[in-house]
>>> print(open('query-v1.csv').read())   # CSV, C-alpha atoms and all ligand atoms
chain,number,residue,atom,x,y,z
N,1,MET,CA,101.3,66.7,100.9
N,2,ASN,CA,99.6,68.0,97.7
N,3,GLN,CA,96.6,66.0,96.6
N,4,PRO,CA,96.5,66.2,92.8
N,5,ASN,CA,92.8,67.0,93.1
N,6,SER,CA,93.2,70.0,95.2
N,7,LEU,CA,94.9,73.4,95.1
N,8,THR,CA,97.2,74.6,97.8
N,9,ASN,CA,99.7,77.4,98.2
N,10,THR,CA,102.5,75.1,97.1
N,11,SER,CA,100.9,73.3,94.2
N,12,PRO,CA,103.7,72.9,91.6
N,13,GLY,CA,101.4,74.1,88.8
N,14,LEU,CA,101.5,77.6,90.3
N,15,ARG,CA,105.1,77.9,89.1
N,16,ARG,CA,103.6,78.5,85.7
N,17,GLY,CA,101.9,81.7,86.7
N,18,TRP,CA,103.0,85.3,87.2
N,19,LEU,CA,102.9,86.0,91.0
N,20,PRO,CA,103.7,89.2,92.8
N,21,VAL,CA,106.8,89.3,95.1
N,22,GLY,CA,106.6,92.9,96.2
N,23,ARG,CA,106.4,96.6,95.3
N,24,PRO,CA,109.3,98.2,93.4
N,25,ASP,CA,110.3,100.1,96.6
N,26,ASP,CA,110.8,96.9,98.4
N,27,PHE,CA,114.0,96.4,96.4
N,28,PRO,CA,116.5,99.2,96.8
N,29,LEU,CA,119.6,99.4,94.7
N,30,ASP,CA,122.3,96.9,95.5
N,31,SER,CA,120.4,95.3,98.4
N,32,PRO,CA,119.6,91.6,97.8
N,33,ARG,CA,116.3,90.7,99.4
N,34,ARG,CA,114.8,87.3,100.2
N,35,VAL,CA,111.2,86.8,99.3
N,36,GLU,CA,109.1,83.6,99.8
N,37,LEU,CA,107.1,82.2,96.9
N,38,LEU,CA,105.2,78.9,96.9
N,39,GLY,CA,107.3,77.8,99.9
N,40,GLU,CA,110.6,78.5,98.2
N,41,GLY,CA,113.2,81.1,98.9
N,42,VAL,CA,113.8,83.6,96.0
N,43,VAL,CA,116.4,86.4,96.0
N,44,VAL,CA,115.4,89.6,94.3
N,45,VAL,CA,118.1,92.1,93.6
N,46,GLN,CA,118.1,95.5,92.0
N,47,ARG,CA,121.5,96.3,90.4
N,48,ARG,CA,122.7,98.9,88.0
N,49,SER,CA,122.3,96.2,85.3
N,50,GLY,CA,118.6,95.8,86.3
N,51,LEU,CA,116.3,93.9,88.5
N,52,ALA,CA,116.6,90.1,88.7
N,53,ALA,CA,115.3,87.1,90.7
N,54,TYR,CA,117.1,83.8,91.3
N,55,ALA,CA,116.6,80.9,93.7
N,56,ASP,CA,118.1,82.1,97.0
N,57,ARG,CA,120.7,79.3,96.9
N,58,CYS,CA,124.3,79.5,95.9
N,59,PRO,CA,125.3,76.7,93.5
N,60,HIS,CA,128.5,76.1,95.6
N,61,ARG,CA,127.2,75.1,99.0
N,62,ASN,CA,123.6,76.3,99.1
N,63,ALA,CA,124.2,79.5,101.1
N,64,ARG,CA,121.5,82.2,100.9
N,65,LEU,CA,122.6,84.8,98.4
N,66,SER,CA,120.1,87.2,99.9
N,67,ALA,CA,122.5,87.4,102.9
N,68,GLY,CA,125.3,88.5,100.6
N,69,ARG,CA,126.0,91.9,99.2
N,70,VAL,CA,126.5,93.6,95.8
N,71,VAL,CA,130.0,94.4,94.7
N,72,ASP,CA,130.8,95.7,91.2
N,73,ASP,CA,127.3,94.9,90.0
N,74,CYS,CA,127.8,91.3,91.2
N,75,ILE,CA,126.0,89.4,94.0
N,76,GLU,CA,128.7,88.2,96.4
N,77,CYS,CA,127.8,85.0,98.3
N,78,PRO,CA,128.3,85.5,102.0
N,79,TYR,CA,129.8,82.0,102.5
N,80,HIS,CA,132.9,81.8,100.2
N,81,GLY,CA,132.7,85.1,98.4
N,82,TRP,CA,131.8,83.8,94.9
N,83,ARG,CA,130.5,86.6,92.7
N,84,PHE,CA,127.7,86.4,90.1
N,85,ASP,CA,127.3,89.1,87.5
N,86,GLY,CA,124.1,90.5,85.9
N,87,ALA,CA,123.9,87.5,83.6
N,88,GLY,CA,124.0,85.1,86.5
N,89,GLN,CA,127.5,83.9,85.6
N,90,CYS,CA,130.1,83.3,88.3
N,91,VAL,CA,133.0,85.6,87.5
N,92,HIS,CA,135.1,85.3,90.7
N,93,VAL,CA,136.0,82.4,93.0
N,94,PRO,CA,138.3,83.9,95.7
N,95,ALA,CA,139.7,80.5,96.7
N,96,LEU,CA,141.1,79.9,93.2
N,97,GLY,CA,142.9,83.2,92.7
N,98,PRO,CA,142.5,85.7,89.9
N,99,ALA,CA,143.5,83.6,86.9
N,100,ALA,CA,141.3,80.6,87.7
N,101,THR,CA,138.8,78.9,85.5
N,102,VAL,CA,135.4,79.1,87.0
N,103,PRO,CA,133.4,75.9,87.0
N,104,PRO,CA,130.7,76.1,84.2
N,105,THR,CA,128.0,74.9,86.7
N,106,ALA,CA,128.7,78.0,88.8
N,107,HIS,CA,125.8,79.8,87.3
N,108,LEU,CA,122.5,81.3,88.5
N,109,SER,CA,119.4,80.9,86.3
N,110,ALA,CA,117.2,84.0,86.5
N,111,PHE,CA,113.5,83.6,86.9
N,112,ARG,CA,111.2,85.5,84.5
N,113,LEU,CA,110.4,88.9,86.1
N,114,GLN,CA,108.4,92.0,85.2
N,115,GLU,CA,107.2,95.2,86.7
N,116,ARG,CA,103.5,96.0,86.1
N,117,TYR,CA,100.6,97.5,88.0
N,118,GLY,CA,102.8,98.8,90.7
N,119,LEU,CA,104.2,95.3,91.6
N,120,ILE,CA,107.2,93.1,90.8
N,121,TRP,CA,106.0,89.8,89.3
N,122,VAL,CA,108.0,86.6,89.1
N,123,ALA,CA,107.2,83.3,87.2
N,124,LEU,CA,109.3,80.4,88.4
N,125,ASP,CA,108.6,78.4,85.2
N,126,GLU,CA,107.3,79.4,81.7
N,127,PRO,CA,104.0,81.2,82.5
N,128,VAL,CA,100.8,79.9,80.8
N,129,CYS,CA,99.4,83.3,80.2
N,130,GLU,CA,100.0,87.0,80.6
N,131,LEU,CA,98.6,89.3,83.3
N,132,PRO,CA,95.1,90.6,82.7
N,133,GLU,CA,94.6,93.9,81.0
N,134,ILE,CA,93.5,96.7,83.3
N,135,PRO,CA,92.4,99.7,81.2
N,136,GLU,CA,91.5,101.6,84.3
N,137,TRP,CA,95.1,101.6,85.5
N,138,SER,CA,96.0,104.5,83.2
N,139,ASP,CA,92.7,106.4,83.7
N,140,PRO,CA,93.8,109.9,85.0
N,141,SER,CA,90.4,110.4,86.6
N,142,LEU,CA,91.0,107.6,89.0
N,143,ARG,CA,93.4,108.0,92.0
N,144,GLN,CA,95.5,105.0,92.9
N,145,ILE,CA,95.4,104.2,96.5
N,146,TRP,CA,97.3,101.2,97.9
N,147,LEU,CA,96.3,99.3,101.0
N,148,PRO,CA,99.2,98.0,103.1
N,149,PRO,CA,100.2,94.5,102.1
N,150,ILE,CA,98.5,92.0,104.4
N,151,ASP,CA,99.7,88.5,105.4
N,152,ILE,CA,96.8,86.2,105.9
N,153,ASN,CA,96.5,82.7,107.3
N,154,ALA,CA,94.8,81.2,104.3
N,155,ALA,CA,95.7,80.0,100.8
N,156,ALA,CA,95.8,82.4,97.9
N,157,GLY,CA,93.1,80.3,96.1
N,158,GLN,CA,90.8,80.6,99.1
N,159,PHE,CA,91.2,84.4,99.0
N,160,VAL,CA,90.4,84.4,95.3
N,161,ASP,CA,87.4,82.1,95.8
N,162,ASN,CA,86.0,84.4,98.4
N,163,PHE,CA,86.8,87.6,96.4
N,164,LEU,CA,84.9,86.2,93.4
N,165,ASP,CA,81.9,85.0,95.5
N,166,PHE,CA,78.9,87.3,95.9
N,167,GLY,CA,76.6,85.0,97.7
N,168,HIS,CA,78.3,85.8,101.0
N,169,PHE,CA,77.7,89.6,101.1
N,170,PRO,CA,74.5,89.7,103.2
N,171,PHE,CA,75.9,87.3,105.7
N,172,VAL,CA,79.6,88.1,106.0
N,173,HIS,CA,79.4,91.9,105.3
N,174,ALA,CA,76.3,92.7,107.3
N,175,GLY,CA,78.5,95.2,109.3
N,176,THR,CA,79.6,97.1,106.2
N,177,PHE,CA,77.8,97.0,102.8
N,178,GLY,CA,76.0,93.7,102.9
N,179,ALA,CA,72.3,94.1,102.3
N,180,GLY,CA,69.6,91.5,103.3
N,181,GLU,CA,67.8,92.6,100.2
N,182,ASP,CA,70.7,91.1,98.2
N,183,GLU,CA,70.3,87.4,99.2
N,184,PHE,CA,69.0,86.0,96.0
N,185,ILE,CA,71.6,85.5,93.3
N,186,GLY,CA,70.1,86.1,89.9
N,187,ASP,CA,71.3,84.6,86.7
N,188,TYR,CA,74.7,85.7,85.4
N,189,GLU,CA,77.1,84.8,82.7
N,190,VAL,CA,80.8,83.8,83.0
N,191,GLN,CA,82.5,85.2,79.9
N,192,ARG,CA,85.7,83.1,79.3
N,193,ARG,CA,88.7,84.9,78.1
N,194,GLU,CA,89.9,83.8,74.6
N,195,ASP,CA,92.9,81.9,75.9
N,196,GLY,CA,90.8,80.2,78.6
N,197,TRP,CA,93.0,81.5,81.5
N,198,GLY,CA,90.6,84.1,82.7
N,199,PHE,CA,87.0,85.3,82.7
N,200,VAL,CA,84.7,88.3,83.2
N,201,VAL,CA,81.5,88.4,85.2
N,202,GLU,CA,79.1,91.3,85.3
N,203,TYR,CA,76.6,91.4,88.0
N,204,PRO,CA,74.2,94.2,89.1
N,205,HIS,CA,73.1,94.0,92.7
N,206,THR,CA,72.2,96.1,95.7
N,207,ILE,CA,74.2,97.2,98.7
N,208,HIS,CA,73.8,99.2,101.9
N,209,ASN,CA,75.9,102.2,100.9
N,210,ASN,CA,77.4,103.2,104.2
N,211,GLU,CA,80.2,105.1,102.4
N,212,ASP,CA,77.7,107.7,101.1
N,213,PRO,CA,77.5,110.7,103.4
N,214,LEU,CA,74.2,111.7,101.9
N,215,VAL,CA,72.6,108.5,103.3
N,216,LYS,CA,72.9,110.0,106.9
N,217,THR,CA,71.2,113.2,105.8
N,218,GLY,CA,68.4,111.3,104.1
N,219,GLU,CA,69.1,112.7,100.7
N,220,HIS,CA,70.1,109.3,99.3
N,221,PRO,CA,68.6,105.9,100.1
N,222,LEU,CA,70.6,103.4,102.1
N,223,VAL,CA,69.8,100.6,99.7
N,224,GLN,CA,71.5,101.5,96.4
N,225,PRO,CA,72.2,99.7,93.2
N,226,ARG,CA,75.7,98.7,92.3
N,227,ASN,CA,77.2,97.2,89.2
N,228,MET,CA,80.1,94.8,89.6
N,229,THR,CA,82.4,93.6,86.9
N,230,TYR,CA,84.9,91.0,87.9
N,231,THR,CA,88.0,90.3,85.7
N,232,TYR,CA,89.9,87.3,86.8
N,233,GLY,CA,93.3,86.2,85.4
N,234,ALA,CA,95.2,83.0,86.4
N,235,PRO,CA,96.4,82.3,88.8
N,236,PHE,CA,95.8,85.0,91.4
N,237,ALA,CA,95.0,88.4,89.9
N,238,ILE,CA,91.5,90.0,90.1
N,239,VAL,CA,90.0,93.3,89.2
N,240,LEU,CA,86.6,94.2,90.6
N,241,ARG,CA,85.1,97.3,89.1
N,242,LEU,CA,82.3,98.8,91.2
N,243,GLU,CA,80.0,101.5,89.8
N,244,LEU,CA,77.4,103.2,91.9
N,245,PRO,CA,75.0,105.1,89.7
N,246,ILE,CA,73.4,107.2,92.5
N,247,THR,CA,76.6,108.7,93.8
N,248,SER,CA,78.6,108.4,90.4
N,249,VAL,CA,81.3,106.7,92.4
N,250,MET,CA,83.7,104.4,90.5
N,251,ASN,CA,85.9,102.1,92.6
N,252,VAL,CA,88.2,99.6,90.9
N,253,LEU,CA,89.8,97.1,93.2
N,254,PHE,CA,92.9,95.4,92.0
N,255,THR,CA,94.1,92.4,94.0
N,256,ALA,CA,97.1,90.1,93.5
N,257,LEU,CA,98.2,87.3,95.8
N,258,GLN,CA,101.6,86.0,96.7
N,259,PRO,CA,101.5,82.5,98.2
N,260,LEU,CA,104.3,82.7,100.7
N,261,ASN,CA,104.2,79.1,102.0
N,262,GLU,CA,101.7,76.4,102.7
N,263,SER,CA,99.7,78.4,105.2
N,264,THR,CA,100.3,82.1,104.5
N,265,THR,CA,99.5,84.5,101.7
N,266,ARG,CA,100.4,88.1,101.1
N,267,VAL,CA,97.6,90.2,99.8
N,268,TYR,CA,98.3,93.3,97.6
N,269,THR,CA,95.4,95.6,97.0
N,270,ALA,CA,95.1,98.9,95.1
N,271,MET,CA,91.9,100.9,94.7
N,272,LEU,CA,91.4,103.2,91.7
N,273,ARG,CA,88.7,105.6,92.8
N,274,ASN,CA,87.1,108.8,91.4
N,275,ASP,CA,85.9,110.1,94.7
N,276,CYS,CA,89.1,110.4,96.7
N,277,ALA,CA,90.6,113.8,95.8
N,278,THR,CA,91.8,114.5,99.4
N,279,ASP,CA,94.1,112.3,101.5
N,280,ALA,CA,91.5,112.2,104.2
N,281,LYS,CA,89.0,110.7,101.8
N,282,ALA,CA,91.7,108.2,100.6
N,283,GLN,CA,92.4,107.2,104.2
N,284,HIS,CA,88.7,106.7,104.9
N,285,ALA,CA,88.4,104.5,101.8
N,286,ILE,CA,91.4,102.4,103.0
N,287,ASP,CA,89.9,102.0,106.5
N,288,TYR,CA,86.6,101.0,105.0
N,289,GLU,CA,88.2,98.4,102.7
N,290,LEU,CA,90.2,97.0,105.5
N,291,GLU,CA,87.0,96.6,107.6
N,292,ILE,CA,85.4,94.7,104.7
N,293,MET,CA,88.5,92.5,104.4
N,294,ALA,CA,88.5,91.8,108.1
N,295,GLU,CA,85.0,90.5,107.8
N,296,ASP,CA,86.1,88.1,105.0
N,297,LEU,CA,89.2,87.0,107.0
N,298,LYS,CA,87.0,85.9,109.9
N,299,VAL,CA,85.7,83.2,107.6
N,300,ILE,CA,88.5,82.4,105.3
N,301,GLU,CA,91.2,82.1,108.0
N,302,ARG,CA,89.0,79.5,109.6
N,303,LEU,CA,88.1,77.2,106.7
N,304,TRP,CA,88.4,73.5,107.1
N,305,ASP,CA,92.0,73.4,105.8
N,306,GLY,CA,94.3,75.2,103.3
N,307,THR,CA,93.1,73.4,100.2
N,308,ILE,CA,90.5,74.0,97.5
N,309,PRO,CA,89.1,70.7,96.3
N,310,LEU,CA,89.1,70.7,92.5
N,311,GLY,CA,87.2,67.5,91.8
N,312,ALA,CA,84.6,66.0,94.1
N,313,GLY,CA,84.3,67.1,97.7
N,314,GLN,CA,82.3,70.3,97.5
N,315,ALA,CA,78.7,71.1,96.6
N,316,HIS,CA,78.1,73.8,94.0
N,317,THR,CA,75.0,75.6,92.9
N,318,ARG,CA,74.2,77.8,89.9
N,319,ALA,CA,75.0,80.8,92.0
N,320,ASP,CA,78.6,79.5,92.2
N,321,ARG,CA,79.2,79.5,88.5
N,322,ASN,CA,82.2,81.9,88.6
N,323,THR,CA,84.0,80.1,91.5
N,324,VAL,CA,83.4,76.8,89.6
N,325,GLU,CA,85.0,78.3,86.6
N,326,PHE,CA,87.9,79.4,88.8
N,327,ARG,CA,88.3,75.8,89.9
N,328,ARG,CA,88.3,74.6,86.3
N,329,ILE,CA,91.1,77.0,85.4
N,330,MET,CA,93.1,75.9,88.5
N,331,GLN,CA,92.6,72.3,87.5
N,332,ARG,CA,93.9,73.0,84.0
N,333,LEU,CA,96.9,74.9,85.4
N,334,LEU,CA,97.8,72.1,87.8
N,335,SER,CA,97.6,69.5,85.1
N,336,ALA,CA,99.2,71.6,82.3
Q,401,LIG,S1,128.2,78.7,99.3
Q,401,LIG,FE1,128.3,80.4,98.1
Q,401,LIG,S2,130.4,80.7,97.7
Q,401,LIG,FE2,130.3,78.9,98.8
Q,402,FE,FE,83.7,89.5,101.0
>>> encode(input="query-v1.csv", output="structure tokens", more="lines below")
Ligand code: FES
Ligand SMILES: [Fe+2]
Amino acid sequence: MNQPNSLTNTSPGLRRGWLPVGRPDDFPLDSPRRVELLGEGVVVVQRRSGLAAYADRCPHRNARLSAGRVVDDCIECPYHGWRFDGAGQCVHVPALGPAATVPPTAHLSAFRLQERYGLIWVALDEPVCELPEIPEWSDPSLRQIWLPPIDINAAAGQFVDNFLDFGHFPFVHAGTFGAGEDEFIGDYEVQRREDGWGFVVEYPHTIHNNEDPLVKTGEHPLVQPRNMTYTYGAPFAIVLRLELPITSVMNVLFTALQPLNESTTRVYTAMLRNDCATDAKAQHAIDYELEIMAEDLKVIERLWDGTIPLGAGQAHTRADRNTVEFRRIMQRLLSA
């Protein structure tokens, strides 16, 4: 059961946020698909009249519409054959014959839906804010490289909490980029977005740059400076811009989370990079990123439980300013 003072994958307040439900290719024409979101079943269907999302529940006897088919641009329920048009209106009830009056309650209400940043997004209720702006998305000097979607045994909030955190690098990422030299967290500022539903944090630090081939040849030092800029937007979209001055590499990570149910979350990640002209380099970048994520998952898939306490119950320091701000935004969302 949800405690009002904690965030979980099924907190009702999350209905007021844009959440990803898949990539556009996941929804081929005239093939209704069931997706899970916040523990609920949603049917997403691409028809000639457009892409739409509804509760995966027929208003007649609660059958799954996702198990039906598309006929004449209508979703046909697999149970008694009722048909719903692009506006969600029931236009055919076979049991009543052709001249029948369809009950006015035989209607599907569509959820808000949009396609952006290579993902299909759904909001189950009126969203409190728009998706964050990602100017790098349309930068032609950056190649878009998608990681495969990954289902993790942790809550979306826990993944975001970890993603925003930079105190864990030397401990969790010692096998990849984490540098012992990077333990101390210097002062940084959390710049709140005007509408209060997001923030930006800039933080320069040092890493062990194991991705740089010139480290092995001795031409570049292993310990290299890196500038990080986090852009967070409620509830679960984050952009992390990484700039490495020694190698001139720019890597912009875009991550969005789909809370599937209480215990599972689907992670979508795209990298926008200026150093991956070849497919081999892109694959190498994917493998490295997956290795880093595996290091994080070892910790976040084994946290105490699937909740993030929003009031008392956790100790914070000045190094945690950004993850405290994340909690503040979640608290606002859950009580909005
Ligand atoms: S349950 Fe859908 S038509 Fe009866
Ligand atoms: Fe990490």
>>> closest_residue(input="query-v1.csv", among="N:Tyr268, N:Phe177, N:Tyr188, N:Trp197", to="Glu291 of chain N", atoms="all atoms listed in the file")
N:Phe177
>>> closest_residue(input="query-v1.csv", among="N:Val45, N:Ala52, N:Met330, N:Cys58", to="ligand LIG 401 (chain Q)", atoms="all atoms listed in the file")
N:Cys58
>>> residues_near_ligand(input="query-v1.csv", ligand="ligand LIG 401 (chain Q)", cutoff="8 Å", atoms="all atoms listed in the file", output="compact mmCIF listing (two decimals) with C-alpha atoms, in the coordinates of the input")
# COMPACT_ATOMS: atom_id res chain seq x y z
CA ARG N 57 120.70 79.30 96.90
CA CYS N 58 124.30 79.50 95.90
CA PRO N 59 125.30 76.70 93.50
CA HIS N 60 128.50 76.10 95.60
CA ARG N 61 127.20 75.10 99.00
CA ASN N 62 123.60 76.30 99.10
CA ALA N 63 124.20 79.50 101.10
CA ARG N 64 121.50 82.20 100.90
CA LEU N 65 122.60 84.80 98.40
CA GLU N 76 128.70 88.20 96.40
CA CYS N 77 127.80 85.00 98.30
CA PRO N 78 128.30 85.50 102.00
CA TYR N 79 129.80 82.00 102.50
CA HIS N 80 132.90 81.80 100.20
CA GLY N 81 132.70 85.10 98.40
CA TRP N 82 131.80 83.80 94.90
CA ARG N 83 130.50 86.60 92.70
CA VAL N 93 136.00 82.40 93.00
>>> closest_residue(input="query-v1.csv", among="N:Ala154, N:Met228, N:Ile292, N:Ala282", to="ligand FE 402 (chain Q)", atoms="all atoms listed in the file")
N:Ile292
>>> residues_near_ligand(input="query-v1.csv", ligand="ligand FE 402 (chain Q)", cutoff="12 Å", atoms="all atoms listed in the file", output="NGL selection string")
:N and (158-178 or 240 or 289-300)
>>> atom_distance(input="query-v1.csv", atom1="atom CA of Glu136 of chain N", atom2="atom CA of Val239 of chain N")
9.8 Å
>>> closest_residue(input="query-v1.csv", among="N:Pro213, N:Ala280, N:Val21, N:Gly13", to="Glu115 of chain N", atoms="all atoms listed in the file")
N:Val21
>>> atom_distance(input="query-v1.csv", atom1="atom CA of Arg23 of chain N", atom2="atom CA of Leu119 of chain N")
4.5 Å
>>> atom_distance(input="query-v1.csv", atom1="atom CA of Leu260 of chain N", atom2="atom CA of Leu37 of chain N")
4.7 Å
>>> residues_around(input="query-v1.csv", residues="Glu40 of chain N", least_positions_apart="5", cutoff="12 Å", atoms="only C-alpha atoms", output="MDAnalysis selection string")
chainID N and resid 9:12 15 21 34:35 54:57 64 124 258:262
>>> closest_residue(input="query-v1.csv", among="N:Ser138, N:Gln191, N:Ser335, N:Ser248", to="Arg16 of chain N", atoms="all atoms listed in the file")
N:Ser335
>>> residues_near_point(input="query-v1.csv", point="(85.2, 84.5, 79.1)", cutoff="12 Å", atoms="all atoms listed in the file", output="list in words")
Glu189, Val190, Gln191, Arg192, Arg193, Glu194, Asp195, Gly196, Trp197, Gly198, Phe199, Val200, Val201, Glu202, Tyr230, Thr231, Tyr232, Gly233, Asn322, Glu325, Phe326 and Ile329 of chain N
>>> closest_residue(input="query-v1.csv", among="N:Pro225, N:Gly41, N:Gly50, N:Gly118", to="Trp146 of chain N", atoms="only C-alpha atoms")
N:Gly118
>>> residues_around(input="query-v1.csv", residues="Arg266 of chain N", least_positions_apart="5", cutoff="6 Å", atoms="all atoms listed in the file", output="list of chain:residue names")
N:Ile150, N:Asp151, N:Leu257, N:Gln258
>>> residues_near_point(input="query-v1.csv", point="(90.7, 110.6, 85.8)", cutoff="12 Å", atoms="only C-alpha atoms", output="ChimeraX atom specification")
/N:135-144,250-251,272-277
>>> residues_around(input="query-v1.csv", residues="Ser66 of chain N", least_positions_apart="4", cutoff="6 Å", atoms="only C-alpha atoms", output="compact mmCIF listing (two decimals) with C-alpha atoms, in the coordinates of the input")
# COMPACT_ATOMS: atom_id res chain seq x y z
CA PRO N 32 119.60 91.60 97.80
CA ARG N 33 116.30 90.70 99.40
CA ARG N 34 114.80 87.30 100.20
CA VAL N 43 116.40 86.40 96.00
>>> residues_around(input="query-v1.csv", residues="Pro221 of chain N", least_positions_apart="4", cutoff="9 Å", atoms="all atoms listed in the file", output="short mmCIF file (atom, residue, chain, number, x, y, z; two decimals) with C-alpha atoms, in the frame of the given file")
data_model
loop_
_atom_site.label_atom_id
_atom_site.label_comp_id
_atom_site.auth_asym_id
_atom_site.auth_seq_id
_atom_site.Cartn_x
_atom_site.Cartn_y
_atom_site.Cartn_z
CA HIS N 208 73.80 99.20 101.90
CA ASN N 209 75.90 102.20 100.90
CA LEU N 214 74.20 111.70 101.90
CA VAL N 215 72.60 108.50 103.30
#
